[in-house]
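Data block for work_13.csv (CSV, C-alpha atoms):
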```csv
chain,number,residue,atom,x,y,z
A,1,MET,CA,-2.7,19.8,-16.6
A,2,GLU,CA,-1.6,18.2,-13.3
A,3,ARG,CA,1.9,18.9,-12.0
A,4,LEU,CA,2.8,15.5,-10.7
A,5,LEU,CA,5.4,14.6,-8.1
A,6,LEU,CA,6.1,10.8,-8.1
A,7,LEU,CA,7.5,9.4,-4.8
A,8,GLY,CA,8.9,6.0,-5.4
A,9,ALA,CA,9.7,6.2,-9.1
A,10,SER,CA,12.0,3.1,-9.2
A,11,GLY,CA,9.6,0.7,-7.6
A,12,SER,CA,6.9,-1.5,-9.2
A,13,ILE,CA,4.1,1.1,-8.9
A,14,GLY,CA,6.4,3.9,-9.9
A,15,THR,CA,7.7,2.3,-13.0
A,16,GLN,CA,4.2,1.4,-14.1
A,17,THR,CA,3.1,5.0,-13.5
A,18,LEU,CA,5.9,6.2,-15.7
A,19,SER,CA,4.7,3.9,-18.5
A,20,ILE,CA,1.3,5.7,-18.2
A,21,LEU,CA,2.8,9.2,-18.2
A,22,LYS,CA,4.7,8.7,-21.4
A,23,ASN,CA,1.3,8.5,-23.3
A,24,ALA,CA,-0.4,11.3,-21.2
A,25,THR,CA,1.8,14.3,-21.8
A,26,LYS,CA,-1.2,16.5,-22.3
A,27,ASP,CA,-2.6,15.7,-18.9
A,28,PHE,CA,0.5,15.4,-16.7
A,29,GLU,CA,3.7,17.3,-16.2
A,30,LEU,CA,6.2,15.3,-14.1
A,31,VAL,CA,7.9,18.0,-11.9
A,32,GLY,CA,9.9,15.7,-9.7
A,33,PHE,CA,10.5,12.2,-8.4
A,34,SER,CA,12.2,10.2,-5.7
A,35,VAL,CA,14.1,6.9,-5.9
A,36,GLY,CA,15.5,4.6,-3.2
A,37,LYS,CA,18.8,2.9,-3.8
A,38,ARG,CA,18.1,2.3,-7.5
A,39,THR,CA,19.7,5.5,-8.8
A,40,ARG,CA,20.7,4.3,-12.2
A,41,ASN,CA,17.5,5.6,-13.9
A,42,ILE,CA,17.9,9.1,-12.6
A,43,SER,CA,19.7,10.4,-15.7
A,44,TYR,CA,17.3,8.7,-18.1
A,45,LEU,CA,14.3,10.2,-16.3
A,46,ILE,CA,15.8,13.7,-16.3
A,47,LYS,CA,16.4,13.4,-20.0
A,48,LYS,CA,13.0,11.9,-20.7
A,49,TYR,CA,11.1,14.5,-18.7
A,50,PRO,CA,12.6,18.0,-19.1
A,51,THR,CA,9.9,19.4,-16.8
A,52,ILE,CA,11.6,17.8,-13.7
A,53,LYS,CA,12.7,20.4,-11.1
A,54,GLY,CA,13.7,18.2,-8.2
A,55,VAL,CA,14.9,14.7,-7.3
A,56,CYS,CA,15.3,13.0,-3.9
A,57,MET,CA,17.3,9.9,-3.1
A,58,ILE,CA,18.6,8.1,0.0
A,59,SER,CA,22.4,8.8,-0.2
A,60,LYS,CA,23.8,12.2,0.6
A,61,ASP,CA,27.0,11.4,-1.2
A,62,LYS,CA,25.2,10.5,-4.4
A,63,MET,CA,22.9,13.5,-4.0
A,64,LYS,CA,26.0,15.8,-4.1
A,65,SER,CA,27.4,14.0,-7.1
A,66,TYR,CA,24.1,14.4,-9.1
A,67,GLN,CA,23.8,18.0,-8.0
A,68,LYS,CA,27.2,18.8,-9.6
A,69,ARG,CA,26.2,16.9,-12.8
A,70,TYR,CA,22.7,18.6,-13.1
A,71,PRO,CA,23.1,22.1,-11.6
A,72,ASN,CA,19.7,23.2,-13.0
A,73,ILE,CA,17.8,20.6,-10.9
A,74,LYS,CA,17.5,20.6,-7.1
A,75,PHE,CA,18.5,17.4,-5.4
A,76,PHE,CA,17.5,16.2,-2.0
A,77,TYR,CA,18.2,13.2,0.2
A,78,GLY,CA,16.7,11.3,3.1
A,79,ASP,CA,13.3,11.4,4.8
A,80,GLN,CA,13.4,15.2,5.2
A,81,GLY,CA,14.4,15.4,1.5
A,82,LEU,CA,11.0,14.0,0.5
A,83,LEU,CA,9.2,16.8,2.3
A,84,ASP,CA,11.6,19.4,0.9
A,85,LEU,CA,11.0,17.9,-2.6
A,86,ILE,CA,7.2,18.4,-2.2
A,87,ASP,CA,7.8,22.0,-1.2
A,88,TYR,CA,10.3,22.8,-3.9
A,89,THR,CA,8.5,21.3,-6.9
A,90,ASN,CA,5.2,22.9,-6.1
A,91,PRO,CA,3.0,20.0,-7.5
A,92,THR,CA,-0.7,19.9,-7.8
A,93,MET,CA,-0.7,16.1,-7.2
A,94,VAL,CA,1.6,13.8,-5.3
A,95,GLU,CA,1.7,10.1,-6.1
A,96,ASN,CA,2.9,8.2,-3.1
A,97,ALA,CA,4.3,4.9,-4.3
A,98,LEU,CA,6.8,4.6,-1.4
A,99,VAL,CA,7.0,1.3,0.4
A,100,GLY,CA,6.7,1.2,4.2
A,101,PHE,CA,6.5,3.6,7.1
A,102,VAL,CA,8.6,6.2,5.2
A,103,GLY,CA,5.4,7.0,3.2
A,104,LEU,CA,3.4,8.3,6.2
A,105,VAL,CA,5.0,11.7,6.8
A,106,PRO,CA,5.0,12.8,3.1
A,107,THR,CA,1.3,11.9,2.9
A,108,ILE,CA,0.5,14.1,5.9
A,109,HIS,CA,2.8,16.8,4.5
A,110,ALA,CA,1.1,16.8,1.1
A,111,LEU,CA,-2.4,16.9,2.6
A,112,LYS,CA,-1.5,19.8,4.8
A,113,LYS,CA,-0.5,21.6,1.7
A,114,ASN,CA,-4.0,20.9,0.2
A,115,LEU,CA,-2.6,18.7,-2.5
A,116,LYS,CA,-4.2,15.7,-4.3
A,117,VAL,CA,-2.6,12.5,-3.2
A,118,ALA,CA,-2.8,9.3,-5.2
A,119,LEU,CA,-1.9,6.8,-2.6
A,120,ALA,CA,-0.3,3.4,-3.1
A,121,ASN,CA,1.5,3.5,0.2
A,122,LYS,CA,-0.6,1.2,2.5
A,123,GLU,CA,1.3,2.1,5.6
A,124,ALA,CA,0.1,5.8,5.6
A,125,LEU,CA,-3.4,4.6,6.4
A,126,VAL,CA,-2.5,1.5,8.5
A,127,VAL,CA,-0.3,3.6,10.8
A,128,GLY,CA,-1.8,7.1,10.5
A,129,GLY,CA,-5.3,6.6,9.2
A,130,GLU,CA,-6.8,8.7,12.0
A,131,LEU,CA,-4.4,11.6,11.2
A,132,VAL,CA,-5.1,11.4,7.5
A,133,ASN,CA,-8.9,11.3,7.9
A,134,ASP,CA,-8.8,14.2,10.3
A,135,LEU,CA,-7.0,16.3,7.8
A,136,LEU,CA,-9.4,15.3,5.0
A,137,ALA,CA,-12.4,16.0,7.3
A,138,HIS,CA,-11.1,19.5,7.8
A,139,GLY,CA,-10.8,20.1,4.1
A,140,HIS,CA,-7.0,19.5,3.7
A,141,GLY,CA,-6.2,17.9,0.4
A,142,SER,CA,-7.9,14.9,-1.2
A,143,LEU,CA,-7.0,11.2,-1.4
A,144,TYR,CA,-7.3,8.7,-4.3
A,145,PRO,CA,-6.5,5.1,-3.7
A,146,ILE,CA,-4.2,3.1,-6.0
A,147,ASP,CA,-4.5,-0.4,-4.6
A,148,SER,CA,-6.4,-2.6,-7.0
A,149,GLU,CA,-8.8,-3.7,-4.3
A,150,HIS,CA,-9.7,-0.2,-3.1
A,151,SER,CA,-9.9,1.1,-6.7
A,152,ALA,CA,-12.5,-1.6,-7.4
A,153,LEU,CA,-14.4,-0.8,-4.2
A,154,TRP,CA,-14.3,2.9,-5.2
A,155,LYS,CA,-15.7,2.2,-8.6
A,156,CYS,CA,-18.5,0.0,-7.2
A,157,LEU,CA,-19.4,2.6,-4.6
A,158,LYS,CA,-19.5,5.3,-7.3
A,159,VAL,CA,-22.2,3.3,-9.1
A,160,ASP,CA,-24.2,2.4,-6.0
A,161,ASP,CA,-23.3,3.0,-2.4
A,162,GLN,CA,-26.7,2.4,-0.9
A,163,ASN,CA,-27.7,-0.6,1.2
A,164,VAL,CA,-24.2,-2.2,1.2
A,165,ASP,CA,-24.2,-5.2,3.4
A,166,LYS,CA,-20.5,-6.3,3.0
A,167,MET,CA,-17.3,-5.1,1.4
A,168,ILE,CA,-15.6,-8.1,0.0
A,169,ILE,CA,-11.8,-7.8,-0.6
A,170,THR,CA,-10.4,-10.6,-2.7
A,171,ALA,CA,-7.1,-12.3,-2.1
A,172,SER,CA,-5.1,-14.6,-4.2
A,173,GLY,CA,-3.6,-16.3,-1.2
A,174,GLY,CA,-0.1,-15.6,-2.2
A,175,ALA,CA,2.7,-18.0,-3.1
A,176,PHE,CA,1.8,-20.6,-0.4
A,177,ARG,CA,-2.0,-20.7,-0.9
A,178,ARG,CA,-1.9,-24.5,-1.5
A,179,LEU,CA,0.3,-25.3,1.5
A,180,SER,CA,-0.9,-26.2,5.0
A,181,ARG,CA,0.6,-24.5,8.0
A,182,ASP,CA,2.7,-27.5,8.7
A,183,GLU,CA,4.2,-27.2,5.2
A,184,LEU,CA,5.2,-23.5,5.8
A,185,THR,CA,8.0,-24.5,8.3
A,186,ASN,CA,10.9,-24.7,5.8
A,187,VAL,CA,9.8,-22.4,3.0
A,188,THR,CA,12.4,-19.9,1.7
A,189,ALA,CA,12.3,-16.3,0.6
A,190,LYS,CA,12.7,-17.5,-3.0
A,191,ASP,CA,9.6,-19.6,-2.6
A,192,ALA,CA,7.6,-16.7,-1.1
A,193,LEU,CA,8.6,-14.4,-3.9
A,194,ALA,CA,6.9,-16.6,-6.5
A,195,HIS,CA,3.5,-14.8,-6.5
A,196,PRO,CA,0.9,-16.8,-8.6
A,197,THR,CA,-0.8,-13.8,-10.3
A,198,TRP,CA,0.9,-10.5,-9.6
A,199,LYS,CA,4.4,-9.2,-10.2
A,200,MET,CA,5.3,-6.8,-7.4
A,201,GLY,CA,8.2,-5.7,-5.2
A,202,ALA,CA,9.8,-8.2,-2.7
A,203,LYS,CA,8.3,-6.7,0.5
A,204,ILE,CA,4.7,-6.7,-0.6
A,205,THR,CA,5.0,-10.1,-2.2
A,206,ILE,CA,6.1,-11.5,1.2
A,207,ASP,CA,3.2,-9.6,2.8
A,208,CYS,CA,0.9,-11.4,0.3
A,209,ALA,CA,2.2,-14.8,1.4
A,210,THR,CA,1.7,-14.0,5.1
A,211,MET,CA,-1.6,-12.3,4.4
A,212,VAL,CA,-0.4,-9.2,6.2
A,213,ASN,CA,-1.0,-7.4,2.9
A,214,LYS,CA,-4.7,-8.3,3.1
A,215,SER,CA,-4.8,-7.3,6.8
A,216,PHE,CA,-3.5,-3.9,5.7
A,217,GLU,CA,-6.1,-3.6,2.9
A,218,ILE,CA,-8.9,-4.3,5.4
A,219,ILE,CA,-7.6,-1.4,7.5
A,220,GLU,CA,-7.2,0.8,4.4
A,221,ALA,CA,-10.8,0.0,3.4
A,222,HIS,CA,-12.1,1.1,6.8
A,223,TYR,CA,-10.3,4.5,6.6
A,224,LEU,CA,-11.0,5.1,2.9
A,225,PHE,CA,-14.7,4.2,2.9
A,226,ASN,CA,-15.7,4.5,6.6
A,227,TYR,CA,-17.0,0.9,7.0
A,228,PRO,CA,-16.6,-0.9,10.3
A,229,SER,CA,-14.5,-4.0,10.6
A,230,GLU,CA,-17.5,-6.3,10.7
A,231,LYS,CA,-18.6,-5.0,7.3
A,232,ILE,CA,-15.3,-5.9,5.6
A,233,MET,CA,-14.5,-9.5,4.7
A,234,VAL,CA,-12.0,-11.4,2.6
A,235,LEU,CA,-12.7,-14.0,-0.1
A,236,LEU,CA,-9.9,-16.1,-1.7
A,237,HIS,CA,-10.0,-15.8,-5.5
A,238,GLU,CA,-7.3,-17.6,-7.4
A,239,GLU,CA,-7.2,-15.7,-10.7
A,240,SER,CA,-7.2,-12.1,-9.3
A,241,HIS,CA,-9.6,-10.9,-12.0
A,242,ILE,CA,-12.3,-9.8,-9.5
A,243,HIS,CA,-10.4,-7.2,-7.5
A,244,SER,CA,-13.1,-6.6,-4.9
A,245,MET,CA,-16.9,-6.7,-4.5
A,246,LEU,CA,-19.8,-5.2,-2.8
A,247,ARG,CA,-22.7,-7.3,-1.5
A,248,TYR,CA,-25.9,-5.5,-1.0
A,249,VAL,CA,-28.7,-6.1,1.5
A,250,ASP,CA,-30.8,-7.8,-1.2
A,251,GLY,CA,-28.1,-10.4,-1.8
A,252,THR,CA,-26.8,-9.1,-5.1
A,253,TYR,CA,-23.1,-8.5,-5.8
A,254,ARG,CA,-21.3,-5.7,-7.7
A,255,ALA,CA,-17.7,-6.2,-8.8
A,256,GLU,CA,-15.0,-4.8,-11.1
A,257,ILE,CA,-13.5,-7.5,-13.3
A,258,SER,CA,-10.2,-7.2,-15.2
A,259,LYS,CA,-6.9,-8.9,-15.7
A,260,PRO,CA,-4.4,-8.3,-12.9
A,261,ASP,CA,-2.7,-5.1,-14.2
A,262,MET,CA,-1.8,-2.3,-11.8
A,263,ARG,CA,-1.8,0.3,-14.6
A,264,ASN,CA,-5.6,0.3,-14.5
A,265,PRO,CA,-6.0,1.4,-10.8
A,266,ILE,CA,-3.0,3.8,-11.2
A,267,ARG,CA,-4.6,5.5,-14.1
A,268,PHE,CA,-8.0,5.7,-12.3
A,269,ALA,CA,-6.4,7.4,-9.3
A,270,LEU,CA,-4.3,9.8,-11.5
A,271,TYR,CA,-7.5,10.9,-13.3
A,272,LEU,CA,-9.3,11.3,-10.0
A,273,GLY,CA,-11.9,8.6,-10.9
A,274,GLU,CA,-13.2,10.7,-13.8
A,275,ILE,CA,-12.5,8.2,-16.6
A,276,PRO,CA,-14.8,5.5,-18.0
A,277,PHE,CA,-15.1,2.2,-16.1
A,278,LYS,CA,-17.4,-0.7,-15.8
A,279,THR,CA,-18.7,-2.8,-13.0
A,280,TYR,CA,-20.8,-6.0,-13.2
A,281,THR,CA,-23.6,-7.3,-11.1
A,282,ALA,CA,-24.7,-10.9,-10.3
A,283,SER,CA,-27.1,-12.7,-7.9
A,284,ASP,CA,-24.1,-14.8,-6.7
A,285,TYR,CA,-20.4,-14.0,-7.0
A,286,ARG,CA,-19.8,-17.5,-8.5
A,287,ASN,CA,-21.8,-16.3,-11.5
A,288,PHE,CA,-19.2,-13.6,-12.5
A,289,GLY,CA,-17.2,-16.1,-14.5
A,290,PRO,CA,-15.4,-19.5,-14.5
A,291,TYR,CA,-13.3,-18.5,-11.5
A,292,HIS,CA,-12.1,-20.3,-8.4
A,293,PHE,CA,-13.2,-19.1,-5.0
A,294,HIS,CA,-12.5,-20.3,-1.5
A,295,ASP,CA,-13.8,-19.2,1.9
A,296,PHE,CA,-11.2,-17.4,4.0
A,297,ASP,CA,-9.9,-19.5,6.9
A,298,ILE,CA,-8.7,-17.4,9.8
A,299,ALA,CA,-7.0,-20.5,11.3
A,300,ARG,CA,-4.8,-20.7,8.1
A,301,TYR,CA,-4.0,-17.0,8.2
A,302,PRO,CA,-4.3,-16.0,11.9
A,303,ILE,CA,-2.4,-12.7,11.4
A,304,VAL,CA,-5.5,-11.2,9.8
A,305,ARG,CA,-7.2,-11.0,13.2
A,306,TYR,CA,-5.1,-8.0,13.9
A,307,ALA,CA,-6.8,-6.0,11.2
A,308,SER,CA,-10.0,-5.8,13.3
A,309,LYS,CA,-7.9,-4.9,16.4
A,310,VAL,CA,-6.3,-1.9,14.6
A,311,ILE,CA,-9.7,-0.8,13.2
A,312,ASP,CA,-11.6,-1.2,16.4
A,313,GLU,CA,-9.1,0.1,18.9
A,314,LYS,CA,-7.0,2.4,16.6
A,315,GLY,CA,-4.4,4.4,18.5
A,316,THR,CA,-0.8,3.1,18.1
A,317,TYR,CA,-1.7,-0.5,17.2
A,318,GLY,CA,-1.3,0.2,13.5
A,319,ALA,CA,2.2,1.5,14.1
A,320,VAL,CA,3.2,-1.7,16.0
A,321,PHE,CA,1.6,-3.9,13.4
A,322,ASN,CA,3.4,-2.3,10.5
A,323,ALA,CA,6.8,-1.8,12.2
A,324,SER,CA,7.0,-5.4,13.5
A,325,ASN,CA,6.0,-6.7,10.1
A,326,GLU,CA,8.5,-4.5,8.2
A,327,GLU,CA,11.5,-5.5,10.3
A,328,ALA,CA,10.5,-9.2,10.4
A,329,VAL,CA,10.0,-9.3,6.6
A,330,TYR,CA,13.4,-7.8,5.9
A,331,GLU,CA,15.0,-10.2,8.3
A,332,PHE,CA,13.3,-13.1,6.6
A,333,LEU,CA,14.4,-11.9,3.1
A,334,LYS,CA,18.0,-11.8,4.5
A,335,GLY,CA,17.6,-15.4,5.7
A,336,ASN,CA,17.9,-14.5,9.4
A,337,ILE,CA,14.5,-15.9,10.5
A,338,PRO,CA,12.1,-18.6,9.2
A,339,PHE,CA,8.9,-17.6,7.4
A,340,LEU,CA,6.5,-18.4,10.3
A,341,ALA,CA,8.6,-16.2,12.6
A,342,ILE,CA,7.2,-13.2,10.8
A,343,GLU,CA,3.7,-13.7,12.3
A,344,LYS,CA,5.1,-14.9,15.6
A,345,ILE,CA,7.0,-11.7,16.0
A,346,ILE,CA,4.0,-9.5,15.0
A,347,SER,CA,1.7,-11.4,17.4
A,348,LYS,CA,4.1,-11.1,20.3
A,349,LEU,CA,4.5,-7.4,20.0
A,350,MET,CA,0.8,-6.7,19.2
A,351,ASP,CA,-0.3,-8.7,22.2
A,352,LYS,CA,2.0,-7.0,24.7
A,353,HIS,CA,1.5,-3.5,23.4
A,354,VAL,CA,-0.2,-0.9,25.6
A,355,ASN,CA,-2.3,1.2,23.2
A,356,LYS,CA,-2.2,5.0,23.2
A,357,PRO,CA,-5.4,6.5,21.8
A,358,HIS,CA,-5.4,9.4,19.4
A,359,PRO,CA,-1.6,9.6,19.0
A,360,THR,CA,0.2,12.5,17.4
A,361,LEU,CA,2.5,12.1,14.5
A,362,ASN,CA,5.5,12.3,16.7
A,363,GLU,CA,4.0,9.6,19.0
A,364,LEU,CA,3.5,7.3,16.0
A,365,ILE,CA,7.1,7.9,15.0
A,366,LYS,CA,8.3,7.1,18.5
A,367,VAL,CA,6.3,3.8,18.6
A,368,ASP,CA,7.5,2.9,15.2
A,369,LYS,CA,11.2,3.3,16.3
A,370,GLU,CA,10.7,1.4,19.6
A,371,THR,CA,8.9,-1.5,17.9
A,372,ARG,CA,11.7,-1.9,15.4
A,373,GLU,CA,14.2,-2.1,18.2
A,374,GLU,CA,12.0,-4.7,20.0
A,375,VAL,CA,11.9,-6.8,16.9
A,376,HIS,CA,15.7,-7.0,16.7
A,377,GLU,CA,15.9,-7.7,20.4
A,378,LEU,CA,13.6,-10.6,20.0
A,379,ILE,CA,15.6,-11.9,17.0
A,380,ARG,CA,18.9,-11.5,18.9
A,381,LYS,CA,17.5,-13.6,21.8
A,382,GLY,CA,15.9,-16.1,19.4
A,383,GLU,CA,12.5,-15.4,21.0
A,384,TYR,CA,10.2,-16.1,18.1
```

Target format structure tokens, applied to this file:
Amino acid sequence: MERLLLLGASGSIGTQTLSILKNATKDFELVGFSVGKRTRNISYLIKKYPTIKGVCMISKDKMKSYQKRYPNIKFFYGDQGLLDLIDYTNPTMVENALVGFVGLVPTIHALKKNLKVALANKEALVVGGELVNDLLAHGHGSLYPIDSEHSALWKCLKVDDQNVDKMIITASGGAFRRLSRDELTNVTAKDALAHPTWKMGAKITIDCATMVNKSFEIIEAHYLFNYPSEKIMVLLHEESHIHSMLRYVDGTYRAEISKPDMRNPIRFALYLGEIPFKTYTASDYRNFGPYHFHDFDIARYPIVRYASKVIDEKGTYGAVFNASNEEAVYEFLKGNIPFLAIEKIISKLMDKHVNKPHPTLNELIKVDKETREEVHELIRKGEY
């Protein structure tokens, strides 16, 4: 029986995790959860899961209100509250379904406590991959990826990890996959949120449209599976049924094939990869089924070039990449900047950044804060 702490219970991954837990009461005991601004489900979850010991939210005022209402449960708030929640609920597993940089420190904290971490938070590895892997290498905790692409790669590697020539991460291309760069000039946030194959949160949906999401997944694959940047490639695949593939030295391919449903990779991570799965092999990936594939064009999605920079040079580049993207995306969602300004802002800050090798956690936090300030200064001056 795993004592599970769910960070990000009100988001897309969190809600799908809860749908899994309701049919897995013999395997998991939900001991706590966090929510962001969506606090309306707190009472329902407390009633649904009497095993809950602690809850974290953003608002201190709301925290006090809920604490009076539920005196037998400990309530926390803010970034520090996430760490206190981990300590207080004493889980055996933490699922990190938080969105953004806020997920880094709880990941580090959980690993230092030697916990199992089911990770959906991309930013933990994009920003702090060196720190995470150093902890894992020294025997602190264990990590299980939730991203569908990395879950697929994990499955393929479990079957055969010898003589791998390339890791191939598939991408739908996002909402604008049929548009030229010239046609991206006047697209709106509403346009960008219309993802063709997945239903996800707003931030990650925009990241799919810019292909920042795929950039992050390349970086994640490097840290999760220890493959160099030149061994990781992207292939556009419209249907999102093939989640990722391995190409072996002999030219054969291995893939996981299933409909786009995040409950599959969530369940696989929660069960530590110890449940049945199936992979398929073919002499050519076009033989996997009646699917549509397109070669990845770096000129169409130039932002992806920074994935290699983060992997090859490491240091604080991941922090700059993530922070500049987060702030730019939220400004785009608010209608304050055009769509193409997102990658222009990222490029400007990545290109000017002076990298710091082997940063500490505090140094990463400092760079994150400074980068966000720089983004808003660029926007204030209209320099994008």

- Message: Need to verify the contact set: A:Ile219, 12 Å, only C-alpha atoms, exclusion of same-chain residues closer than 4 positions in sequence. Can you return it as a PyMOL selection string?
- Response: chain A and resi 122-130+150+169+212-215+223-234+304-314+317-318+321-322

- For atom CA of A:Lys26 and atom CA of A:Leu157, the interatomic separation in Å (one decimal):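 For atom CA of A:Lys26 relative to atom CA of A:Leu157, the distance reads 28.9 Å.
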
- Expressed in Å to a single decimal, how great is the separation between atom CA of A:Tyr253 and atom CA of A:Ala282?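 The value is 5.3 Å.
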
- Item | atom CA of A:Thr185 to atom CA of A:Val375, distance in Å rounded to a single decimal | 20.1 Å

- Fewer than 5 positions away in the same chain doesn't count, so skip those; otherwise give me all residues within 8 Å of A:Ser142, counting all atoms listed in the file, as a ChimeraX atom specification. /A:111,114-117,136

- Counting only C-alpha atoms, the option among A:Val164, A:Leu119, A:Val329, A:Val354 closest to A:His376: A:Val329

- In file coordinates, which residues lie within 7 Å of (11.0, -13.3, 16.6) using all atoms listed in the file, given as a PyMOL selection string? chain A and resi 341-342+344-345+375+378-379+382-384

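All polymer residues at most 12 Å from (21.4, 10.3, -15.3), using only C-alpha atoms, appear as Arg38, Thr39, Arg40, Asn41, Ile42, Ser43, Tyr44, Leu45, Ile46, Lys47, Lys48, Tyr49, Val55, Lys62, Met63, Ser65, Tyr66, Gln67, Lys68, Arg69, Tyr70 and Ile73 of chain A.
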
- Could you pull the residues within 10 Å of A:Asp160, counting all atoms listed in the file, minus those fewer than 4 positions along the same chain, as a list of chain:residue names? A:Trp154, A:Lys155, A:Cys156, A:Val164, A:Leu246, A:Tyr248, A:Arg254

Can you write just those residues out, C-alpha atoms, as a PDB file, in the frame of the given file?
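Generated file (result.pdb):
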```pdb
ATOM      1  CA  TRP A 154     -14.300   2.900  -5.200  1.00  0.00           C
ATOM      2  CA  LYS A 155     -15.700   2.200  -8.600  1.00  0.00           C
ATOM      3  CA  CYS A 156     -18.500   0.000  -7.200  1.00  0.00           C
ATOM      4  CA  VAL A 164     -24.200  -2.200   1.200  1.00  0.00           C
ATOM      5  CA  LEU A 246     -19.800  -5.200  -2.800  1.00  0.00           C
ATOM      6  CA  TYR A 248     -25.900  -5.500  -1.000  1.00  0.00           C
ATOM      7  CA  ARG A 254     -21.300  -5.700  -7.700  1.00  0.00           C
TER       8      ARG A 254
END
```

- In terms of all atoms listed in the file, the residue from A:Ala255, A:Lys64, A:Asn121, A:Leu135 at minimal distance from A:Phe101 is A:Asn121

- Query: Counting all atoms listed in the file, what is within 7 Å of stretch 13-16 of chain A, bar same-chain residues fewer than 5 positions away, as a ChimeraX atom specification?
  - Reply: /A:8,97,263

- Shell of 12 Å around A:Lys113, all atoms listed in the file, local chain residues under 3 positions omitted, as a VMD selection string: chain A and resid 83 86 to 87 90 to 94 106 to 110 116 to 117 135 to 136 139 to 142

- Query: So which one's closest to A:Ala221, A:Pro145, A:Arg181, A:Glu274, A:Ile204? Using all atoms listed in the file, please.
  - Reply: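 So, comparing all the options, the nearest one is A:Pro145.
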
- Query: Closest to A:Thr316 among A:Asn72, A:Asn336, A:Thr371, A:Asn264, using all atoms listed in the file?
  - Reply: A:Thr371
